[in-house]
file final19.cif (mmCIF, C-alpha atoms)
data_protein
loop_
_atom_site.label_atom_id
_atom_site.label_comp_id
_atom_site.auth_asym_id
_atom_site.auth_seq_id
_atom_site.Cartn_x
_atom_site.Cartn_y
_atom_site.Cartn_z
CA MET A 211 -36.56 29.77 57.25
CA GLN A 212 -37.20 26.18 58.25
CA ALA A 213 -40.58 27.09 59.74
CA GLN A 214 -41.48 28.88 56.49
CA SER A 215 -40.42 25.88 54.48
CA GLN A 216 -42.49 23.61 56.70
CA GLU A 217 -45.48 25.94 56.28
CA ASN A 218 -45.07 25.92 52.50
CA ARG A 219 -44.86 22.18 52.55
CA ILE A 220 -48.09 21.87 54.54
CA GLU A 221 -49.82 24.25 52.11
CA TRP A 222 -48.47 22.41 49.10
CA GLU A 223 -49.58 19.10 50.55
CA GLY A 224 -52.94 20.59 51.49
CA ALA A 225 -53.53 21.59 47.89
CA LEU A 226 -52.61 18.11 46.69
CA VAL A 227 -54.92 16.58 49.29
CA GLN A 228 -57.79 18.76 48.09
CA ARG A 229 -57.19 17.71 44.51
CA ALA A 230 -56.98 14.08 45.58
CA VAL A 231 -60.24 14.42 47.53
CA ALA A 232 -61.81 15.68 44.30
CA GLY A 233 -60.71 12.40 42.68
CA ASP A 234 -57.36 13.41 41.17
CA THR A 235 -55.20 10.29 41.37
CA ARG A 236 -52.19 12.17 39.91
CA ALA A 237 -52.21 14.42 42.96
CA PHE A 238 -52.48 11.40 45.21
CA GLU A 239 -49.57 9.78 43.40
CA ARG A 240 -47.43 12.83 44.23
CA LEU A 241 -48.36 12.42 47.87
CA TYR A 242 -47.47 8.75 47.62
CA ARG A 243 -44.06 9.54 46.08
CA GLU A 244 -43.41 12.02 48.85
CA HIS A 245 -44.33 9.76 51.74
CA SER A 246 -43.91 6.16 50.58
CA GLY A 247 -40.34 5.86 51.93
CA ARG A 248 -41.25 6.90 55.45
CA VAL A 249 -44.38 4.77 55.42
CA TYR A 250 -42.55 1.73 54.07
CA GLY A 251 -39.66 2.29 56.51
CA LEU A 252 -42.07 2.21 59.45
CA CYS A 253 -43.99 -0.80 58.11
CA LEU A 254 -40.76 -2.70 57.47
CA ARG A 255 -39.46 -2.03 60.96
CA MET A 256 -42.76 -3.05 62.50
CA THR A 257 -43.33 -6.20 60.47
CA ARG A 258 -39.70 -7.27 59.81
CA ASP A 259 -40.90 -8.69 56.52
CA ALA A 260 -40.34 -6.91 53.21
CA GLN A 261 -43.35 -8.50 51.49
CA LEU A 262 -45.64 -7.80 54.42
CA ALA A 263 -44.30 -4.25 54.63
CA GLU A 264 -45.13 -3.72 50.94
CA ASP A 265 -48.68 -4.96 51.55
CA CYS A 266 -48.95 -2.69 54.58
CA THR A 267 -47.69 0.30 52.58
CA GLN A 268 -50.23 -0.33 49.82
CA ASP A 269 -53.05 -0.76 52.33
CA THR A 270 -51.97 2.38 54.14
CA PHE A 271 -52.33 4.47 50.99
CA ILE A 272 -55.60 2.78 50.00
CA ASN A 273 -57.03 3.48 53.46
CA ALA A 274 -55.70 7.02 53.29
CA TRP A 275 -57.42 7.55 49.93
CA LYS A 276 -60.72 6.34 51.37
CA ALA A 277 -60.43 8.54 54.45
CA LEU A 278 -58.76 11.54 52.83
CA LYS A 279 -61.75 13.80 53.27
CA GLN A 280 -61.38 13.42 57.04
CA PHE A 281 -57.81 14.63 56.99
CA GLU A 282 -57.37 18.14 58.37
CA THR A 283 -55.01 19.84 55.94
CA ARG A 284 -53.44 22.01 58.64
CA SER A 285 -51.98 18.97 60.38
CA SER A 286 -49.11 16.78 59.26
CA LEU A 287 -49.95 14.35 56.51
CA GLY A 288 -46.84 12.32 57.39
CA THR A 289 -48.07 11.77 60.96
CA TRP A 290 -51.56 10.94 59.74
CA LEU A 291 -50.18 8.37 57.30
CA HIS A 292 -48.00 6.91 60.05
CA ARG A 293 -51.06 6.46 62.25
CA ILE A 294 -52.74 4.50 59.48
CA ALA A 295 -49.54 2.54 58.81
CA VAL A 296 -49.26 1.53 62.47
CA ASN A 297 -52.87 0.30 62.50
CA VAL A 298 -52.41 -1.63 59.27
CA SER A 299 -49.10 -3.13 60.40
CA LEU A 300 -50.46 -4.20 63.79
CA GLY A 301 -53.45 -5.80 62.09
CA LYS A 302 -51.39 -7.65 59.49
CA ARG A 303 -48.85 -8.75 62.04
CA ARG A 304 -51.58 -10.16 64.26
CA LYS A 305 -52.93 -12.16 61.33
CA ALA A 306 -49.50 -13.32 60.19
CA THR A 307 -48.21 -14.64 63.49
CA PRO A 308 -49.94 -14.69 66.83
CA VAL A 309 -47.70 -12.79 69.16
CA PHE A 310 -47.27 -13.75 72.78
CA GLU A 311 -46.17 -10.49 74.16
CA ALA A 312 -44.33 -10.54 77.44
CA GLN A 313 -45.49 -7.92 79.88
CA PRO A 314 -43.22 -4.98 80.51
CA GLU A 315 -40.95 -5.48 83.45
CA ASP A 316 -41.31 -2.09 84.98
CA GLU A 317 -42.74 1.36 84.39
CA ASP A 318 -39.58 3.35 84.38
CA GLY A 319 -40.15 6.32 82.10
CA THR A 320 -36.78 8.01 82.49
CA LEU A 321 -35.11 6.79 79.37
CA GLY A 322 -32.96 9.73 78.54
CA GLY A 323 -31.52 9.92 75.04
CA TRP A 324 -30.89 7.17 72.58
CA THR A 325 -27.23 7.76 71.89
CA LEU A 326 -24.68 4.98 71.68
CA GLU A 327 -21.32 5.53 73.30
CA THR A 328 -19.62 3.69 70.47
CA PRO A 329 -20.78 3.95 66.87
CA VAL A 330 -22.16 0.81 65.24
CA GLU A 331 -22.93 -0.13 61.67
CA GLU A 332 -26.41 0.83 60.55
CA ARG A 333 -27.06 -2.72 59.47
CA GLU A 334 -26.05 -4.04 62.87
CA LEU A 335 -28.28 -1.57 64.63
CA GLU A 336 -31.25 -2.29 62.34
CA SER A 337 -30.70 -5.98 62.91
CA ALA A 338 -30.66 -5.53 66.70
CA ILE A 339 -33.86 -3.45 66.50
CA GLY A 340 -35.44 -6.11 64.30
CA ALA A 341 -34.66 -8.77 66.88
CA LEU A 342 -36.54 -6.95 69.64
CA PRO A 343 -39.94 -8.28 70.75
CA ASP A 344 -42.80 -6.65 68.85
CA GLY A 345 -44.09 -4.37 71.61
CA ALA A 346 -40.66 -3.07 72.56
CA ARG A 347 -39.69 -2.60 68.93
CA ASP A 348 -42.89 -0.73 68.05
CA ALA A 349 -42.39 1.73 70.90
CA LEU A 350 -38.70 2.15 70.12
CA VAL A 351 -39.23 2.72 66.40
CA LEU A 352 -41.95 5.31 66.89
CA HIS A 353 -40.29 7.18 69.73
CA ALA A 354 -36.55 6.94 69.18
CA LEU A 355 -36.48 6.66 65.42
CA TYR A 356 -39.45 8.64 64.16
CA GLY A 357 -39.45 11.11 67.03
CA TYR A 358 -43.00 10.73 68.32
CA SER A 359 -43.62 11.62 71.95
CA HIS A 360 -44.50 8.92 74.46
CA GLY A 361 -48.12 10.05 74.31
CA GLU A 362 -48.25 10.04 70.51
CA ALA A 363 -46.56 6.65 70.24
CA ALA A 364 -48.87 5.19 72.89
CA GLN A 365 -51.94 6.57 71.10
CA MET A 366 -50.80 5.14 67.78
CA LEU A 367 -50.19 1.74 69.32
CA GLY A 368 -53.38 1.77 71.36
CA ILE A 369 -51.60 1.29 74.67
CA ALA A 370 -51.25 3.33 77.85
CA GLU A 371 -48.48 5.89 77.94
CA GLY A 372 -46.91 4.15 80.94
CA THR A 373 -46.87 0.88 79.04
CA CYS A 374 -45.18 2.61 76.13
CA LYS A 375 -42.48 3.98 78.42
CA ALA A 376 -41.98 0.57 79.96
CA GLN A 377 -41.65 -0.97 76.51
CA LEU A 378 -39.02 1.62 75.64
CA HIS A 379 -37.13 0.82 78.79
CA ARG A 380 -37.24 -2.82 77.89
CA ALA A 381 -36.11 -2.09 74.35
CA ARG A 382 -33.14 -0.12 75.60
CA LYS A 383 -32.14 -2.89 77.98
CA LEU A 384 -32.35 -5.54 75.26
CA LEU A 385 -30.50 -3.41 72.74
CA ARG A 386 -27.76 -2.78 75.25
CA GLU A 387 -27.39 -6.49 75.78
CA ARG A 388 -27.44 -7.34 72.10
CA LEU A 389 -25.08 -4.64 70.97
CA ASN A 390 -22.98 -4.99 74.06
CA LEU A 391 -22.90 -1.23 74.19
CA GLU A 392 -24.02 1.41 76.55
CA ILE A 393 -27.02 3.48 75.44
CA ASN A 394 -27.07 6.80 77.16
CA MET B 1473 -34.10 -5.56 56.82
CA THR B 1474 -33.23 -3.96 53.56
CA GLY B 1475 -31.95 -0.57 52.87
CA PRO B 1476 -29.43 0.39 55.55
CA LYS B 1477 -26.11 1.45 54.14
CA GLU B 1478 -22.74 0.55 55.54
CA ARG B 1479 -22.17 3.52 57.76
CA SER B 1480 -21.69 3.88 61.42
CA VAL B 1481 -24.19 5.67 63.58
CA LYS B 1482 -24.12 6.74 67.18
CA SER B 1483 -27.78 7.47 67.60
CA LEU B 1484 -31.00 5.71 66.79
CA GLY B 1485 -32.25 8.98 65.46
CA ALA B 1486 -29.47 8.87 62.87
CA LEU B 1487 -31.04 5.89 61.16
CA PRO B 1488 -32.88 6.87 57.98
CA GLU B 1489 -36.61 7.33 58.50
CA ALA B 1490 -37.36 6.48 54.90
CA ILE B 1491 -36.56 3.17 53.25
CA GLU B 1492 -37.48 2.78 49.61
CA PRO B 1493 -39.52 -0.32 48.77
CA ARG B 1494 -37.82 -2.86 46.49
CA ARG B 1495 -40.30 -2.11 43.75
CA ASP B 1496 -42.69 0.64 42.75
CA LEU B 1497 -45.90 -0.01 44.66
CA TRP B 1498 -47.87 2.77 42.98
CA PRO B 1499 -49.21 0.86 39.92
CA GLU B 1500 -50.98 -1.65 42.19
CA ILE B 1501 -52.24 1.10 44.46
CA GLU B 1502 -53.57 3.02 41.47
CA ALA B 1503 -55.34 -0.06 40.12
CA ARG B 1504 -57.02 -0.56 43.49
CA LEU B 1505 -57.94 3.12 43.74
CA LYS B 1506 -59.74 2.93 40.44
CA ALA B 1507 -61.83 0.09 41.82
CA GLU B 1508 -62.73 2.18 44.85
CA THR B 1509 -65.45 4.83 44.95
CA PRO B 1510 -63.82 8.21 44.50
CA PRO B 1511 -63.83 10.18 47.73
CA THR B 1512 -65.67 12.96 45.89
CA ALA B 1513 -69.07 11.35 46.26
CA THR B 1514 -68.98 11.58 50.01
CA VAL B 1515 -67.56 15.08 50.00
CA LEU B 1516 -70.50 16.33 48.01
CA ARG B 1517 -72.78 15.22 50.82
CA SER B 1518 -70.80 16.89 53.56
CA THR B 1519 -71.71 20.42 54.46
CA GLY B 1520 -70.03 23.11 56.41
CA THR B 1521 -66.56 21.66 56.05
CA ARG B 1522 -63.71 23.42 54.36
CA LEU B 1523 -63.45 20.77 51.72
CA GLY B 1524 -67.19 20.86 51.19
CA GLN B 1525 -66.90 24.57 50.55
CA LEU B 1526 -64.11 23.98 48.06
CA ARG B 1527 -66.25 21.48 46.25
CA TRP B 1528 -69.04 24.02 46.06
CA LEU B 1529 -66.69 26.58 44.59
CA ALA B 1530 -65.38 24.05 42.13
CA ALA B 1531 -68.93 23.24 41.18
CA ALA B 1532 -69.69 26.94 40.70
CA ALA B 1533 -66.68 27.30 38.42
CA MET B 1534 -67.74 24.21 36.56
CA VAL B 1535 -71.26 25.55 36.08
CA ALA B 1536 -69.76 28.71 34.65
CA SER B 1537 -67.57 26.68 32.38
CA VAL B 1538 -70.43 24.49 31.24
CA ALA B 1539 -72.59 27.56 30.65
CA VAL B 1540 -69.90 28.96 28.40
CA GLY B 1541 -69.54 25.59 26.72
CA VAL B 1542 -73.26 25.51 25.97
CA TRP B 1543 -73.09 28.94 24.48
CA ILE B 1544 -69.92 28.27 22.56
CA GLY B 1545 -71.82 25.39 21.04
CA ARG B 1546 -73.41 28.19 19.01
CA ASP B 1547 -76.87 27.58 20.34
CA VAL B 1548 -77.89 30.98 19.04
CA VAL B 1549 -79.44 32.20 15.90
CA PRO B 1550 -77.58 33.93 13.05
CA LEU B 1551 -76.74 37.56 13.46
CA SER B 1552 -78.63 38.40 10.33
CA ALA B 1553 -81.78 37.85 12.38
CA GLN B 1554 -80.88 40.59 14.80
CA VAL B 1555 -83.61 41.76 17.11
CA PRO B 1556 -82.89 44.82 19.14
CA GLY B 1557 -82.49 43.86 22.75
CA SER B 1558 -84.93 45.07 25.27
CA GLY B 1559 -83.30 44.35 28.63
CA LYS B 1560 -79.93 45.43 29.84
CA VAL B 1561 -77.54 42.89 31.19
CA ILE B 1562 -75.12 43.15 33.99
CA PRO B 1563 -71.75 42.94 32.29
CA PRO B 1564 -68.74 41.39 33.94
CA GLN B 1565 -66.87 43.87 36.10
CA ALA B 1566 -65.45 46.39 33.72
CA ALA B 1567 -62.39 46.89 35.81
CA ALA B 1568 -59.44 44.68 35.10
CA PRO B 1569 -59.65 41.57 37.24
CA GLN B 1570 -58.40 42.12 40.72
CA GLN B 1571 -55.19 40.27 40.89
CA THR B 1572 -55.47 38.30 44.08
CA GLY B 1573 -52.00 38.05 45.59
CA ALA B 1574 -51.87 34.35 45.09
CA VAL B 1575 -53.01 34.31 41.48
CA ASP B 1576 -49.81 34.36 39.55
CA ALA B 1577 -51.15 33.55 36.10
CA ALA B 1578 -49.07 35.65 33.77
CA PHE B 1579 -52.01 36.59 31.58
CA VAL B 1580 -53.92 38.24 34.42
CA SER B 1581 -51.24 40.83 34.98
CA ASP B 1582 -50.36 41.13 31.29
CA PRO B 1583 -51.41 44.62 30.05
CA ARG B 1584 -52.35 43.14 26.68
CA TYR B 1585 -54.85 40.88 28.44
CA ALA B 1586 -56.28 43.80 30.42
CA ARG B 1587 -56.52 45.94 27.28
CA GLN B 1588 -58.18 43.24 25.21
CA ARG B 1589 -60.63 42.47 28.00
CA ALA B 1590 -61.50 46.14 28.41
CA GLU B 1591 -62.13 46.48 24.66
CA LEU B 1592 -64.36 43.43 24.62
CA LEU B 1593 -66.31 44.67 27.62
CA GLN B 1594 -66.75 48.08 26.07
CA SER B 1595 -68.64 46.69 23.12
CA LEU B 1596 -70.34 43.89 25.04
CA GLN B 1597 -73.62 45.61 25.77
CA ALA B 1598 -74.05 46.78 22.20
CA ARG B 1599 -73.33 43.32 20.87
CA LEU B 1600 -75.72 41.74 23.36
CA ASP B 1601 -78.41 44.21 22.42
CA ALA B 1602 -77.99 43.15 18.83
CA MET B 1603 -78.59 39.50 19.63
CA PRO B 1604 -81.87 37.64 19.48
CA GLU B 1605 -83.54 37.52 22.83
CA GLN B 1606 -83.09 33.80 23.39
CA ALA B 1607 -79.40 33.95 22.53
CA ARG B 1608 -78.91 37.02 24.66
CA ALA B 1609 -80.53 35.30 27.64
CA LYS B 1610 -78.14 32.37 27.33
CA VAL B 1611 -75.07 34.52 26.98
CA THR B 1612 -76.15 36.72 29.86
CA ALA B 1613 -76.73 33.69 32.08
CA SER B 1614 -73.29 32.34 31.16
CA LEU B 1615 -71.53 35.60 31.93
CA ALA B 1616 -73.45 35.96 35.20
CA ALA B 1617 -72.43 32.45 36.23
CA ILE B 1618 -68.80 33.27 35.43
CA GLU B 1619 -69.01 36.49 37.41
CA THR B 1620 -70.49 34.72 40.44
CA ALA B 1621 -67.84 32.01 40.27
CA LYS B 1622 -65.08 34.65 40.04
CA LYS B 1623 -66.39 36.54 43.06
CA ASP B 1624 -66.78 33.38 45.12
CA LEU B 1625 -63.32 32.17 44.19
CA GLU B 1626 -61.71 35.55 44.84
CA GLY B 1627 -63.45 35.70 48.22
CA ALA B 1628 -62.25 32.21 49.12
CA LEU B 1629 -58.72 33.04 47.95
CA GLY B 1630 -58.77 36.13 50.14
CA LYS B 1631 -59.13 33.82 53.12
CA ASP B 1632 -56.80 31.12 51.82
CA PRO B 1633 -54.44 32.85 49.36
CA SER B 1634 -52.06 29.96 48.86
CA ASN B 1635 -54.69 27.40 47.98
CA ALA B 1636 -53.52 25.95 44.68
CA LEU B 1637 -56.88 24.43 43.81
CA LEU B 1638 -58.66 27.75 44.20
CA GLN B 1639 -55.96 29.47 42.15
CA GLU B 1640 -56.38 26.96 39.37
CA LEU B 1641 -60.18 27.30 39.41
CA LEU B 1642 -59.95 31.08 39.32
CA ILE B 1643 -57.53 31.05 36.41
CA ASN B 1644 -59.82 28.66 34.53
CA THR B 1645 -62.73 31.00 35.22
CA TYR B 1646 -60.80 34.00 33.86
CA GLN B 1647 -60.04 31.98 30.75
CA ASP B 1648 -63.70 31.02 30.41
CA GLU B 1649 -64.70 34.65 30.68
CA MET B 1650 -62.21 35.68 28.01
CA ARG B 1651 -63.39 32.92 25.73
CA ALA B 1652 -67.01 33.95 26.20
CA LEU B 1653 -66.27 37.62 25.52
CA THR B 1654 -64.24 36.76 22.43
CA ASP B 1655 -67.02 34.54 21.15
CA VAL B 1656 -69.62 37.26 21.66
CA HIS B 1657 -67.37 39.61 19.74
CA GLU B 1658 -66.63 37.22 16.91
CA ALA B 1659 -70.18 35.96 16.68
CA SER B 1660 -71.54 39.43 16.08
CA ASP B 1661 -68.93 40.38 13.50
CA PRO B 1662 -70.61 41.21 10.21
CA GLY B 1663 -70.28 38.40 7.73
CA ARG B 1664 -69.22 35.88 10.29
CA GLY B 1665 -72.57 34.68 11.51
CA ILE B 1666 -73.05 32.47 14.47
#
call {"tool": "encode", "arguments": {"input": "final19.cif", "output": "structure tokens"}}
result
Amino acid sequence: MQAQSQENRIEWEGALVQRAVAGDTRAFERLYREHSGRVYGLCLRMTRDAQLAEDCTQDTFINAWKALKQFETRSSLGTWLHRIAVNVSLGKRRKATPVFEAQPEDEDGTLGGWTLETPVEERELESAIGALPDGARDALVLHALYGYSHGEAAQMLGIAEGTCKAQLHRARKLLRERLNLEIN
Amino acid sequence: MTGPKERSVKSLGALPEAIEPRRDLWPEIEARLKAETPPTATVLRSTGTRLGQLRWLAAAAMVASVAVGVWIGRDVVPLSAQVPGSGKVIPPQAAAPQQTGAVDAAFVSDPRYARQRAELLQSLQARLDAMPEQARAKVTASLAAIETAKKDLEGALGKDPSNALLQELLINTYQDEMRALTDVHEASDPGRGI
């Protein structure tokens, strides 16, 4: 049932993409309405700045419009938009503030799940994620929050998979310290 | 951060993926899109791709539509100047349109539509024969363009039955065909003139 629904969604989106490629901005607006929340959510978590995240979201959809003909309708539009959003956010963030990224401490890839032993307020958790260094936060947001694999997250961020795993390890360590909680 | 509600979570995956922006960003995006070159221009140059093929089909349907439009513009001479036709034309498929699984336009499956279409097709050749040669050539070209577009679209829909764009184009083409047939019929009605 869920697979069918997912298939229908891909087909429905594919039809909208084709109309948008033909110049139909109404179709593109429907795609925007469908995906803007997830795109903005990712941009906001990556940039930690609402204004910058809005700019990134707009640029993401502008870039998507320009490159829409290259999109393969059988794949996930959400993932494709996220790839663009990551590129845009990294670029804007670099311009906004030069980041001196500390190198990962180790290459431990055995992170296990991302479950807290004790529940915390969403706001508190978002705040702790927002306080992470950029590299660790990027990897954490893509992998633990949006569910991308290590390989996918690494590809989106333009880093090696091992580096991505190390960043996740670092993120978990820092979150544990900040929330004073165990992350299993 | 904006957006998170006051609720407790035990997993990072329980955080909402989507956060709504504080304002609607679409109007600014739309304004910028209008300043950009539509993606269509590049698509027309690409060949062999799926989207390129769709554009070709859309173009074929558009040609059919324009052909009908030209003819509907009454670019033919009055019926009173009838000249018996010399050549036979290939009429649109006399059979009721094959209802491709994905085409769910109510009118295609409506028996009244099928009946009316069949009646119009029945008298088509006679009405074409009664037209001046120049007019007949234009009408024939229009109907042939519609027929080609229909076949191409039905073939493409056979491979991609759920494609909404193809469905829409095919329905438009059926409508164009009906309009053309009705116009041929009305135009050759005694006393009506073209």
call {"tool": "resolve_selection", "arguments": {"input": "final19.cif", "expression": "the PyMOL selection byres ((chain A) within 8 of (chain B))", "output": "PyMOL selection string"}}
result
chain A and resi 221-222+224-225+228-229+231-233+235+239+242+246-252+254-255+258-260+264+268+271-272+275-279+324-333+336-337+340+354-357
call {"tool": "atom_distance", "arguments": {"input": "final19.cif", "atom1": "atom CA of A:Glu334", "atom2": "atom CA of A:Cys374"}}
result
24.2 Å
call {"tool": "atom_distance", "arguments": {"input": "final19.cif", "atom1": "atom CA of A:Thr373", "atom2": "atom CA of A:Ser286"}}
result
25.5 Å
call {"tool": "closest_residue", "arguments": {"input": "final19.cif", "among": "A:Asp234, A:Thr289, A:Arg243, A:Leu262", "to": "A:Ile220", "atoms": "only C-alpha atoms"}}
result
A:Thr289
call {"tool": "atom_distance", "arguments": {"input": "final19.cif", "atom1": "atom CA of B:Thr1620", "atom2": "atom CA of A:Ala230"}}
result
25.2 Å
call {"tool": "resolve_selection", "arguments": {"input": "final19.cif", "expression": "the PyMOL selection byres ((chain B and resi 1592) around 10)", "output": "list in words"}}
result
Ala1566, Ala1586, Arg1587, Gln1588, Arg1589, Ala1590, Glu1591, Leu1593, Gln1594, Ser1595, Leu1596, Gln1597, Arg1599, Met1650, Ala1652, Leu1653, Thr1654, Asp1655, Val1656 and His1657 of chain B
call {"tool": "residues_around", "arguments": {"input": "final19.cif", "residues": "A:Arg388", "least_positions_apart": "3", "cutoff": "10 Å", "atoms": "only C-alpha atoms", "output": "NGL selection string"}}
result
:A and (334-335 or 337-339 or 341-342 or 382-385 or 391)
call {"tool": "write_last_selection", "arguments": {"input": "final19.cif", "atoms": "C-alpha atoms", "output": "PDB file, keeping the file's coordinate frame"}}
result
ATOM      1  CA  GLU A 334     -26.050  -4.040  62.870  1.00  0.00           C
ATOM      2  CA  LEU A 335     -28.280  -1.570  64.630  1.00  0.00           C
ATOM      3  CA  SER A 337     -30.700  -5.980  62.910  1.00  0.00           C
ATOM      4  CA  ALA A 338     -30.660  -5.530  66.700  1.00  0.00           C
ATOM      5  CA  ILE A 339     -33.860  -3.450  66.500  1.00  0.00           C
ATOM      6  CA  ALA A 341     -34.660  -8.770  66.880  1.00  0.00           C
ATOM      7  CA  LEU A 342     -36.540  -6.950  69.640  1.00  0.00           C
ATOM      8  CA  ARG A 382     -33.140  -0.120  75.600  1.00  0.00           C
ATOM      9  CA  LYS A 383     -32.140  -2.890  77.980  1.00  0.00           C
ATOM     10  CA  LEU A 384     -32.350  -5.540  75.260  1.00  0.00           C
ATOM     11  CA  LEU A 385     -30.500  -3.410  72.740  1.00  0.00           C
ATOM     12  CA  LEU A 391     -22.900  -1.230  74.190  1.00  0.00           C
TER      13      LEU A 391
END
